[in-house]
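S.K.: What follows is coords_32.txt, made up of compact mmCIF, C-alpha atoms:
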# COMPACT_ATOMS: atom_id res chain seq x y z
CA MET A 1011 -14.18 5.46 0.62
CA LEU A 1012 -11.42 5.09 3.17
CA SER A 1013 -11.51 8.63 4.56
CA LYS A 1014 -15.12 8.11 5.69
CA ASP A 1015 -14.54 4.60 7.01
CA PRO A 1016 -14.09 4.81 10.80
CA GLN A 1017 -11.96 1.67 10.71
CA PHE A 1018 -9.25 3.37 8.70
CA ARG A 1019 -6.96 6.10 9.90
CA LYS A 1020 -4.78 7.95 7.45
CA LEU A 1021 -1.22 8.42 8.57
CA LYS A 1022 0.17 11.90 8.08
CA ILE A 1023 2.95 10.39 6.06
CA ARG A 1024 2.70 10.91 2.37
CA GLY A 1025 5.30 10.22 -0.22
CA ALA A 1026 5.42 11.50 -3.76
CA GLY A 1027 7.80 10.87 -6.60
CA LEU A 1028 8.10 11.96 -10.20
CA ILE A 1029 5.29 9.78 -11.52
CA GLY A 1030 3.40 8.61 -8.48
CA SER A 1031 2.53 8.96 -4.85
CA ALA A 1032 1.71 6.77 -1.88
CA SER A 1033 -0.48 7.15 1.17
CA TYR A 1034 -0.56 4.97 4.28
CA TRP A 1035 -3.70 3.90 6.11
CA LEU A 1036 -3.99 2.10 9.42
CA ALA A 1037 -6.75 -0.48 9.79
CA PRO A 1038 -7.34 -2.40 13.03
CA ASP A 1039 -5.33 -5.37 11.80
CA HIS A 1040 -3.31 -4.21 8.81
CA LEU A 1041 -1.44 -1.43 7.12
CA LEU A 1042 -2.90 -0.45 3.77
CA ILE A 1043 -0.51 1.16 1.31
CA VAL A 1044 -2.22 2.97 -1.56
CA THR A 1045 0.11 3.73 -4.44
CA ILE A 1046 -1.06 5.90 -7.31
CA ASP A 1047 0.90 5.64 -10.52
CA GLY A 1048 -0.73 7.35 -13.44
CA TYR A 1049 -4.28 6.09 -13.82
CA THR A 1050 -4.07 3.14 -11.46
CA GLU A 1051 -4.40 2.85 -7.72
CA ARG A 1052 -2.60 -0.13 -6.28
CA TYR A 1053 -3.34 -1.51 -2.83
CA ARG A 1054 -0.99 -3.48 -0.66
CA ARG A 1055 -2.13 -4.83 2.68
CA ILE A 1056 0.43 -5.88 5.25
CA TYR A 1057 -1.08 -7.53 8.30
CA PHE A 1058 0.38 -6.50 11.63
CA ARG A 1059 0.49 -10.10 12.82
CA ASP A 1060 2.89 -10.97 9.97
CA ILE A 1061 5.38 -8.14 10.40
CA GLN A 1062 8.62 -9.48 11.84
CA ALA A 1063 10.82 -6.43 11.54
CA ILE A 1064 11.14 -2.97 10.07
CA ILE A 1065 14.55 -1.91 8.82
CA ILE A 1066 15.38 1.68 7.93
CA ARG A 1067 18.59 2.06 5.99
CA ARG A 1068 20.35 5.39 5.58
CA THR A 1069 21.33 6.09 1.97
CA SER A 1070 23.86 8.52 0.54
CA THR A 1071 21.47 10.12 -1.97
CA TRP A 1072 21.01 13.12 0.33
CA ILE A 1073 24.72 13.97 0.25
CA TRP A 1074 25.00 13.60 -3.51
CA LEU A 1075 21.86 15.68 -4.06
CA THR A 1076 23.20 18.41 -1.78
CA VAL A 1077 26.55 18.47 -3.58
CA ALA A 1078 24.96 18.46 -7.04
CA LEU A 1079 22.36 21.13 -6.26
CA SER A 1080 24.94 23.34 -4.52
CA ALA A 1081 27.24 23.10 -7.53
CA LEU A 1082 24.40 23.89 -9.94
CA THR A 1083 23.27 26.86 -7.83
CA ILE A 1084 26.77 28.28 -7.74
CA VAL A 1085 27.37 27.75 -11.46
CA ALA A 1086 23.97 29.24 -12.34
CA GLY A 1087 24.82 32.26 -10.20
CA ILE A 1088 28.38 32.85 -11.40
CA LEU A 1089 28.05 32.33 -15.17
CA PRO A 1090 25.50 35.11 -15.88
CA MET A 1091 27.46 37.53 -13.70
CA SER A 1092 30.55 37.02 -15.84
CA THR A 1093 28.68 38.08 -19.00
CA GLY A 1094 27.08 41.08 -17.32
CA GLU A 1095 24.06 41.17 -19.66
CA ILE A 1096 20.63 41.82 -18.23
CA GLU A 1097 19.00 38.84 -20.01
CA GLY A 1098 21.69 36.56 -18.64
CA LEU A 1099 21.24 37.91 -15.16
CA ILE A 1100 17.46 37.33 -15.31
CA SER A 1101 17.77 33.77 -16.61
CA GLY A 1102 20.58 33.12 -14.12
CA GLY A 1103 18.41 34.43 -11.33
CA ILE A 1104 15.57 32.12 -12.33
CA MET A 1105 17.94 29.14 -12.39
CA VAL A 1106 19.47 30.07 -9.05
CA ALA A 1107 15.99 30.33 -7.56
CA GLY A 1108 15.05 26.91 -8.97
CA PHE A 1109 18.20 25.09 -7.89
CA GLY A 1110 18.33 27.01 -4.61
CA SER A 1111 14.79 26.05 -3.67
CA GLY A 1112 15.59 22.42 -4.55
CA LEU A 1113 18.66 22.61 -2.34
CA ALA A 1114 16.68 24.19 0.50
CA PHE A 1115 13.99 21.51 0.21
CA ASN A 1116 16.61 18.78 0.24
CA LEU A 1117 18.29 20.21 3.33
CA ILE A 1118 15.00 20.70 5.18
CA ALA A 1119 13.72 17.21 4.30
CA GLY A 1120 16.83 15.68 5.83
CA PRO A 1121 18.82 12.51 5.17
CA THR A 1122 17.50 9.96 2.71
CA CYS A 1123 16.78 6.36 3.48
CA SER A 1124 14.92 3.27 2.38
CA CYS A 1125 12.40 1.57 4.61
CA ARG A 1126 11.77 -2.16 4.49
CA ILE A 1127 9.13 -4.33 6.11
CA VAL A 1128 10.18 -7.89 6.77
CA THR A 1129 7.62 -10.70 7.01
CA ALA A 1130 8.11 -14.44 7.00
CA VAL A 1131 7.58 -14.66 3.25
CA GLN A 1132 8.74 -11.36 1.81
CA ASN A 1133 10.87 -8.29 2.29
CA ARG A 1134 9.10 -5.25 0.90
CA ASP A 1135 10.49 -1.76 0.49
CA LEU A 1136 7.85 0.84 1.33
CA PRO A 1137 7.13 3.12 -1.61
CA HIS A 1138 8.05 6.80 -1.36
CA ILE A 1139 9.33 6.55 2.21
CA ASN A 1140 12.70 8.00 1.36
CA ARG A 1141 13.53 10.40 4.17
CA TRP A 1142 14.93 9.32 7.50
CA ARG A 1143 12.58 11.50 9.56
CA LYS A 1144 9.50 10.34 7.66
CA ALA A 1145 10.51 6.69 8.01
CA ASN A 1146 10.96 7.11 11.75
CA ARG A 1147 7.53 8.70 12.06
CA LEU A 1148 6.05 5.74 10.22
CA LEU A 1149 7.94 3.30 12.43
CA GLU A 1150 6.63 5.00 15.57
CA ALA A 1151 3.08 4.90 14.25
CA LEU A 1152 3.35 1.23 13.35
CA GLN A 1153 5.14 0.08 16.49
CA ASN A 1154 2.15 0.56 18.78
CA GLU A 1155 -0.23 -1.19 16.40
CA ILE A 1156 2.09 -4.13 15.78
CA SER A 1157 2.85 -4.53 19.47
CA ARG A 1158 -0.87 -4.44 20.26
CA VAL A 1159 -1.68 -7.16 17.74
CA GLN A 1160 1.34 -9.33 18.48
CA ARG A 1161 1.11 -9.01 22.26
CA PRO A 1162 1.55 -12.52 23.63
CA THR A 1163 -1.71 -13.86 25.00
CA PRO A 1164 -1.51 -14.96 28.63
CA ALA A 1165 -0.94 -18.70 28.75
CA ALA A 1166 -3.89 -20.69 29.98
CA SER A 1167 -3.25 -22.19 33.40
CA PRO A 1168 -2.66 -25.95 33.19
CA GLU A 1169 -5.52 -28.03 34.37
CA VAL A 1170 -4.81 -29.47 37.76
CA PRO A 1171 -6.83 -32.49 38.81
CA VAL A 1172 -9.04 -31.49 41.69
CA GLU A 1173 -8.89 -33.83 44.64
CA PRO A 1174 -12.01 -34.24 46.74
CA ILE A 1175 -11.78 -32.34 49.97
CA SER A 1176 -11.71 -34.70 52.86
CA THR A 1177 -14.03 -33.77 55.64
CA ALA A 1178 -13.74 -34.51 59.32
CA SER A 1179 -16.38 -37.25 59.10
CA ASP A 1180 -14.41 -38.97 56.29
CA GLN A 1181 -11.28 -38.90 58.42
CA ALA A 1182 -13.20 -40.40 61.32
CA THR A 1183 -14.51 -43.28 59.20
CA ALA A 1184 -10.99 -43.90 57.83
CA MET B 1493 15.52 -17.07 18.91
CA ALA B 1494 13.73 -18.06 15.74
CA GLY B 1495 15.32 -19.61 12.70
CA ALA B 1496 14.72 -16.36 10.80
CA ILE B 1497 17.70 -14.18 10.08
CA LEU B 1498 17.60 -10.46 9.45
CA GLU B 1499 19.89 -9.25 6.74
CA CYS B 1500 21.27 -5.86 5.85
CA PRO B 1501 19.18 -4.40 2.98
CA SER B 1502 22.33 -2.95 1.49
CA CYS B 1503 24.87 -5.82 1.45
CA HIS B 1504 22.61 -8.77 2.48
CA ALA B 1505 24.97 -9.72 5.28
CA PRO B 1506 23.19 -11.21 8.29
CA LEU B 1507 22.64 -8.71 11.06
CA PRO B 1508 23.90 -9.60 14.53
CA ASP B 1509 21.53 -10.75 17.24
CA GLY B 1510 22.31 -7.58 19.18
CA LEU B 1511 19.87 -5.74 16.94
CA ASP B 1512 16.96 -7.61 18.46
CA VAL B 1513 16.45 -4.87 21.01
CA ALA B 1514 13.95 -2.66 19.24
CA PRO B 1515 14.41 -0.08 17.95
CA THR B 1516 18.13 0.55 17.95
CA ILE B 1517 20.31 2.55 15.62
CA GLU B 1518 23.26 0.48 14.59
CA ARG B 1519 25.62 0.04 11.73
CA CYS B 1520 25.91 -3.03 9.56
CA GLY B 1521 29.10 -4.84 10.52
CA ALA B 1522 29.88 -5.68 6.90
CA CYS B 1523 29.15 -2.48 4.94
CA ASN B 1524 28.95 0.09 7.77
CA THR B 1525 25.55 1.31 6.55
CA ARG B 1526 23.58 3.13 9.22
CA LEU B 1527 20.44 1.17 10.13
CA ARG B 1528 17.50 1.42 12.46
CA VAL B 1529 16.04 -1.99 13.12
CA ALA B 1530 12.85 -2.77 15.01
CA THR B 1531 11.97 -6.39 15.59
CA PHE B 1532 8.61 -7.67 16.76
CA PRO B 1533 7.42 -10.83 18.55
CA ALA B 1534 6.53 -12.48 15.21
CA PHE B 1535 10.24 -12.58 14.40
CA PHE B 1536 10.92 -14.88 17.33
CA LYS B 1537 7.99 -17.20 16.72
CA PRO B 1538 8.70 -20.49 14.98
CA PRO B 1539 6.92 -20.82 11.63
CA PRO B 1540 3.48 -22.41 11.97
CA GLU B 1541 3.25 -26.04 11.01
CA ALA B 1542 1.10 -26.87 8.00
CA GLN B 1543 -2.10 -28.61 8.94
CA PRO B 1544 -3.16 -31.38 6.62
CA GLY B 1545 -6.85 -31.93 6.02
CA GLN B 1546 -8.40 -34.12 8.64
CA THR B 1547 -9.59 -37.52 7.56
CA ALA B 1548 -13.28 -38.25 7.86
CA ILE B 1549 -13.77 -40.77 10.62
CA GLU B 1550 -17.41 -41.61 10.90
CA ASP B 1551 -19.97 -42.43 8.25
CA GLY B 1552 -22.40 -39.63 7.57
CA GLU B 1553 -19.89 -37.00 8.58
CA ALA B 1554 -19.68 -34.00 6.23
CA THR B 1555 -16.75 -34.26 3.89
CA CYS B 1556 -14.96 -31.77 1.67
CA PHE B 1557 -16.52 -31.11 -1.76
CA HIS B 1558 -13.17 -31.66 -3.45
CA HIS B 1559 -11.68 -34.34 -1.14
CA ASP B 1560 -14.22 -36.95 -0.14
CA GLN B 1561 -11.84 -38.47 2.39
CA LYS B 1562 -11.35 -35.25 4.32
CA ARG B 1563 -13.58 -33.91 7.05
CA ALA B 1564 -15.32 -30.61 6.25
CA VAL B 1565 -14.39 -27.80 8.61
CA ALA B 1566 -16.16 -24.86 6.95
CA THR B 1567 -18.56 -23.89 4.21
CA CYS B 1568 -17.83 -21.42 1.46
CA ASP B 1569 -19.67 -18.17 2.17
CA ALA B 1570 -20.15 -17.56 -1.55
CA CYS B 1571 -21.22 -20.94 -2.99
CA GLY B 1572 -21.92 -23.02 0.12
CA LYS B 1573 -19.54 -25.88 -0.66
CA PHE B 1574 -18.19 -27.92 2.24
CA LEU B 1575 -14.47 -27.36 2.61
CA CYS B 1576 -11.67 -29.22 4.35
CA GLN B 1577 -8.81 -27.45 6.05
CA LEU B 1578 -6.78 -27.59 2.85
CA CYS B 1579 -9.44 -25.99 0.64
CA ASP B 1580 -10.62 -23.38 3.13
CA VAL B 1581 -9.40 -19.85 2.41
CA GLU B 1582 -10.04 -17.96 5.63
CA LEU B 1583 -10.36 -14.19 5.50
CA PRO B 1584 -11.50 -11.73 8.17
CA THR B 1585 -14.86 -11.51 6.37
CA GLY B 1586 -15.44 -15.24 6.06
CA HIS B 1587 -14.49 -18.54 4.47
CA PHE B 1588 -14.13 -19.10 0.73
CA CYS B 1589 -13.34 -21.98 -1.55
CA THR B 1590 -10.41 -21.45 -3.87
CA GLN B 1591 -12.63 -20.90 -6.94
CA CYS B 1592 -14.81 -18.27 -5.28
CA PHE B 1593 -11.75 -16.65 -3.78
CA GLU B 1594 -10.06 -16.40 -7.17
CA GLN B 1595 -13.24 -15.18 -8.86
CA GLY B 1596 -13.93 -12.64 -6.10
CA ALA B 1597 -10.37 -11.38 -6.20
CA ARG B 1598 -10.47 -11.04 -9.99
CA LYS B 1599 -13.77 -9.18 -10.01
CA GLY B 1600 -12.87 -7.05 -6.99
CA LYS B 1601 -15.73 -8.41 -4.88
CA ILE B 1602 -13.52 -9.34 -1.92
CA ALA B 1603 -12.23 -6.07 -0.54
CA GLU B 1604 -9.42 -7.68 1.45
CA VAL B 1605 -7.67 -8.95 -1.62
CA GLU B 1606 -8.45 -6.18 -4.06
CA ARG B 1607 -5.11 -5.15 -5.49
CA SER B 1608 -5.82 -2.28 -7.85
CA ARG B 1609 -8.43 -0.02 -9.35
CA ALA B 1610 -8.28 2.05 -12.50
CA ARG B 1611 -9.12 5.72 -12.06
CA TYR B 1612 -11.47 6.08 -15.01
CA ASP B 1613 -12.68 9.48 -13.80
CA THR B 1614 -9.16 10.86 -14.18
CA VAL B 1615 -8.88 9.34 -17.66
CA VAL B 1616 -12.14 11.01 -18.73
CA LEU B 1617 -11.09 14.36 -17.27
CA MET B 1618 -7.66 14.21 -18.89
CA LEU B 1619 -9.17 13.32 -22.28
CA ALA B 1620 -11.59 16.22 -21.94
CA VAL B 1621 -8.79 18.64 -20.96
CA LEU B 1622 -6.67 17.35 -23.84
CA GLY B 1623 -9.67 17.91 -26.08
CA LEU B 1624 -9.49 21.64 -25.27
CA LEU B 1625 -6.20 21.82 -27.14
CA PHE B 1626 -7.70 20.19 -30.24
CA TRP B 1627 -11.20 21.57 -29.86
CA THR B 1628 -11.79 21.75 -33.61
CA VAL B 1629 -11.60 17.94 -33.79
CA PRO B 1630 -14.57 16.72 -31.75
CA LEU B 1631 -13.41 13.09 -31.77
CA LEU B 1632 -11.42 13.35 -28.53
CA PRO B 1633 -14.33 14.71 -26.44
CA LEU B 1634 -16.60 12.16 -28.10
CA GLY B 1635 -14.20 9.42 -26.98
CA ALA B 1636 -14.09 10.87 -23.47
CA LEU B 1637 -17.88 11.00 -23.39
CA ILE B 1638 -18.34 7.41 -24.58
CA PHE B 1639 -15.64 6.21 -22.17
CA GLY B 1640 -17.31 8.09 -19.30
CA ILE B 1641 -20.72 6.59 -20.11
CA VAL B 1642 -19.31 3.05 -20.39
CA LYS B 1643 -17.34 3.32 -17.14
CA ARG B 1644 -19.84 5.39 -15.13
CA ASN B 1645 -20.70 2.46 -12.87
CA ALA B 1646 -17.13 1.24 -12.37
CA PRO B 1647 -16.06 1.34 -8.73
CA PRO B 1648 -14.48 4.70 -7.92
CA SER B 1649 -11.18 5.26 -6.18
CA LEU B 1650 -10.88 3.65 -2.75
CA ILE B 1651 -9.43 6.79 -1.19
CA HIS B 1652 -11.27 10.07 -0.57
CA ARG B 1653 -12.46 10.75 -4.11
CA SER B 1654 -15.97 11.24 -5.40
CA ARG B 1655 -17.32 11.06 -8.95
CA VAL B 1656 -16.99 14.82 -9.39
CA ARG B 1657 -14.07 14.40 -11.79
CA LEU B 1658 -16.08 12.04 -13.95
CA TYR B 1659 -19.04 14.39 -14.21
CA VAL B 1660 -16.85 17.47 -14.75
CA GLY B 1661 -14.95 15.61 -17.49
CA MET B 1662 -18.15 14.43 -19.18
CA THR B 1663 -19.73 17.92 -19.05
CA LEU B 1664 -16.57 19.42 -20.51
CA ALA B 1665 -16.56 16.75 -23.23
CA VAL B 1666 -20.20 17.52 -24.14
CA ILE B 1667 -19.44 21.25 -24.42
CA GLU B 1668 -16.33 20.58 -26.52
CA PHE B 1669 -18.22 18.17 -28.77
CA ILE B 1670 -21.04 20.66 -29.36
CA GLY B 1671 -18.50 23.44 -29.91
CA GLY B 1672 -16.47 21.34 -32.36
CA CYS B 1673 -19.59 20.30 -34.29
CA ALA B 1674 -20.82 23.90 -34.42
CA PHE B 1675 -17.45 24.98 -35.79
CA TRP B 1676 -17.55 22.47 -38.65
CA ILE B 1677 -21.21 23.24 -39.38
CA ALA B 1678 -20.35 26.95 -39.53
CA ILE B 1679 -17.48 26.28 -41.96
CA TRP B 1680 -19.70 24.05 -44.08
CA ALA B 1681 -22.45 26.68 -44.12
CA SER B 1682 -20.04 29.49 -45.08
CA ASN B 1683 -18.61 27.43 -47.96
CA LYS B 1684 -22.04 26.58 -49.27
Translate the structure described by the file into structure tokens.

M.R.:
Amino acid sequence: MLSKDPQFRKLKIRGAGLIGSASYWLAPDHLLIVTIDGYTERYRRIYFRDIQAIIIRRTSTWIWLTVALSALTIVAGILPMSTGEIEGLISGGIMVAGFGSGLAFNLIAGPTCSCRIVTAVQNRDLPHINRWRKANRLLEALQNEISRVQRPTPAASPEVPVEPISTASDQATA
Amino acid sequence: MAGAILECPSCHAPLPDGLDVAPTIERCGACNTRLRVATFPAFFKPPPEAQPGQTAIEDGEATCFHHDQKRAVATCDACGKFLCQLCDVELPTGHFCTQCFEQGARKGKIAEVERSRARYDTVVLMLAVLGLLFWTVPLLPLGALIFGIVKRNAPPSLIHRSRVRLYVGMTLAVIEFIGGCAFWIAIWASNK
């Protein structure tokens, strides 16, 4: 169980989608990504020593979501008002509350993005890291660990042949 | 600078070298997508050269189990075979031959390479909850119960979950099964 394993530290970055979720765990030498989709848990380990780069890309989904949810909220608010019936007003109110809360969540969560980890052999998009702020938090958490593991080791000093120290008596005999 | 090239995830155009300074917020020169790129020392390292198995030099020297001309550099921690550099699969927990590695990975015995686990406890609980809807048909709880018994020793979830779901699901299934059976017995008795 990872939560009781002192070697693992759970990052406070959790992503969830329609049919799954992901959690991120820091081990001393790797990042463990646990993805849950339905009845299966999938594990992906990315070793810090292999990570070459992390690229966060801003996407336009946030803007489109804001536009769409705003339009739906407005339409859901205006249409029942035009009929003036109490049932329409109630259902319109429920829809406005639903779309409005979605809009508020989208605005609070901030811009959308995709986050990619680059290694020598693969480029992998991180699951459910789809908000700019969340991706930056993950990057900050990973940066220290990666830098610690990939810190260049101090080069060993080249071996210099040691010459025998000449003493005063040696010099006298010479 | 290494031979590796970073590319924009959006348009796959190579990113300029100026993005090496980590982490910077830049825009892709080709598609103008806003990016934040952080590069690490591994990016600048040249790729490691492949090391061929070393040839055995002296008589009596331990050789690889699979390659009798290669010098053994490790022993498999699972089966004890001598392994050359080519056959040695090195993990943080030890050395493995390719067969033991594959077998261990398939059976989930090597934690480092375990890729997935089924959450049988959730399946049992969901079957039992679904059985509540069709409580007059005791087949669904019976299935949940049998499934729970068969999979009771399967490794549980790797993250913070106990077997509570499994036991709750099985208890619920037992109650539903008894309830369903009692219902049909009552109907049979009333018709008699």

S.K.: For chain B, list the residues within 8 Å of chain A, counting all atoms listed in the file, and write the list as JSON, numbers by chain.

M.R.: {"B": [1496, 1501, 1502, 1525, 1526, 1527, 1528, 1529, 1530, 1531, 1532, 1533, 1534, 1535, 1539, 1604, 1606, 1607, 1608, 1609, 1610, 1611, 1612, 1614, 1615, 1649, 1650, 1651, 1652, 1653]}

S.K.: Next, the residues of the selection above should be written as a JSON list (two decimals), keeping the file's coordinate frame with C-alpha atoms.

M.R.:
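Saved the output as selection.json:
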[["chain", "number", "residue", "atom", "x", "y", "z"],
["B", 1496, "ALA", "CA", 14.72, -16.36, 10.80],
["B", 1501, "PRO", "CA", 19.18, -4.40, 2.98],
["B", 1502, "SER", "CA", 22.33, -2.95, 1.49],
["B", 1525, "THR", "CA", 25.55, 1.31, 6.55],
["B", 1526, "ARG", "CA", 23.58, 3.13, 9.22],
["B", 1527, "LEU", "CA", 20.44, 1.17, 10.13],
["B", 1528, "ARG", "CA", 17.50, 1.42, 12.46],
["B", 1529, "VAL", "CA", 16.04, -1.99, 13.12],
["B", 1530, "ALA", "CA", 12.85, -2.77, 15.01],
["B", 1531, "THR", "CA", 11.97, -6.39, 15.59],
["B", 1532, "PHE", "CA", 8.61, -7.67, 16.76],
["B", 1533, "PRO", "CA", 7.42, -10.83, 18.55],
["B", 1534, "ALA", "CA", 6.53, -12.48, 15.21],
["B", 1535, "PHE", "CA", 10.24, -12.58, 14.40],
["B", 1539, "PRO", "CA", 6.92, -20.82, 11.63],
["B", 1604, "GLU", "CA", -9.42, -7.68, 1.45],
["B", 1606, "GLU", "CA", -8.45, -6.18, -4.06],
["B", 1607, "ARG", "CA", -5.11, -5.15, -5.49],
["B", 1608, "SER", "CA", -5.82, -2.28, -7.85],
["B", 1609, "ARG", "CA", -8.43, -0.02, -9.35],
["B", 1610, "ALA", "CA", -8.28, 2.05, -12.50],
["B", 1611, "ARG", "CA", -9.12, 5.72, -12.06],
["B", 1612, "TYR", "CA", -11.47, 6.08, -15.01],
["B", 1614, "THR", "CA", -9.16, 10.86, -14.18],
["B", 1615, "VAL", "CA", -8.88, 9.34, -17.66],
["B", 1649, "SER", "CA", -11.18, 5.26, -6.18],
["B", 1650, "LEU", "CA", -10.88, 3.65, -2.75],
["B", 1651, "ILE", "CA", -9.43, 6.79, -1.19],
["B", 1652, "HIS", "CA", -11.27, 10.07, -0.57],
["B", 1653, "ARG", "CA", -12.46, 10.75, -4.11]]

S.K.: Could you jot down the CA of Ala1081 (chain A) to CA of Ser1101 (chain A) separation for me, Å, one decimal place?

M.R.: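 Answer for the CA of Ala1081 (chain A) to CA of Ser1101 (chain A) separation: 16.9 Å.
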
S.K.: May I have the residues at most 9 Å from (-2.1, 5.5, 6.3) in the file's coordinates, counting all atoms listed in the file, as a short mmCIF file (atom, residue, chain, number, x, y, z; two decimals) with C-alpha atoms, in the coordinates of the input?

M.R.:
data_model
loop_
_atom_site.label_atom_id
_atom_site.label_comp_id
_atom_site.auth_asym_id
_atom_site.auth_seq_id
_atom_site.Cartn_x
_atom_site.Cartn_y
_atom_site.Cartn_z
CA PHE A 1018 -9.25 3.37 8.70
CA ARG A 1019 -6.96 6.10 9.90
CA LYS A 1020 -4.78 7.95 7.45
CA LEU A 1021 -1.22 8.42 8.57
CA LYS A 1022 0.17 11.90 8.08
CA ILE A 1023 2.95 10.39 6.06
CA ARG A 1024 2.70 10.91 2.37
CA SER A 1033 -0.48 7.15 1.17
CA TYR A 1034 -0.56 4.97 4.28
CA TRP A 1035 -3.70 3.90 6.11
CA LEU A 1036 -3.99 2.10 9.42
CA ALA A 1037 -6.75 -0.48 9.79
CA LEU A 1041 -1.44 -1.43 7.12
CA LEU A 1042 -2.90 -0.45 3.77
CA ILE A 1043 -0.51 1.16 1.31
CA VAL A 1044 -2.22 2.97 -1.56
#

S.K.: For each of B:Gln1591, B:Thr1585, B:Thr1663, B:Asn1645, take the minimum atom-to-atom distance to Leu1617 (chain B), counting only C-alpha atoms, then give the residue where this is smallest.

M.R.: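 Among the listed residues, the smallest separation from Leu1617 (chain B) belongs to B:Thr1663.
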
S.K.: In Å, how far is it from CA of Cys1592 (chain B) to CA of His1559 (chain B)?

M.R.: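 Result for CA of Cys1592 (chain B) versus CA of His1559 (chain B): 16.9 Å, one decimal.
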
S.K.: To one decimal in Å, tell me the separation between CA of Gly1120 (chain A) and CA of Ile1073 (chain A).

M.R.: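 One can read the CA of Gly1120 (chain A) to CA of Ile1073 (chain A) distance as 9.8 Å.
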
S.K.: Give me, as a ChimeraX atom specification, all polymer residues having an atom no more than 12 Å from Ile1670 (chain B), counting all atoms listed in the file and skipping those fewer than 3 positions away in the same chain.

M.R.: /B:1627-1631,1633-1634,1637,1663-1667,1673-1678

S.K.: Restricting the calculation to only C-alpha atoms, which member of B:Val1660, B:Thr1590, B:Gly1600, B:Arg1644 is positioned closest to Val1621 (chain B)?

M.R.: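 Nearest to Val1621 (chain B): B:Val1660.
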
S.K.: Taking (-14.6, -16.0, 5.2) in the file's coordinates, which residues come within 10 Å, counting all atoms listed in the file, written as a list in words?

M.R.: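 The residues near that point, listed by chain and number, are Ala1566, Thr1567, Cys1568, Asp1569, Ala1570, Asp1580, Val1581, Glu1582, Leu1583, Pro1584, Thr1585, Gly1586, His1587, Phe1588, Cys1589, Phe1593 and Ile1602 of chain B.
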
S.K.: What box, with edges along x, y and z, holds each listed atom of region 1633-1637 of chain B when 5 Å is added on every side, and can you state its centre and edge lengths in Å to one decimal, as lines of an AutoDock Vina configuration file?

M.R.:
center_x = -16.0
center_y = 12.1
center_z = -25.7
size_x = 13.8
size_y = 15.3
size_z = 14.7
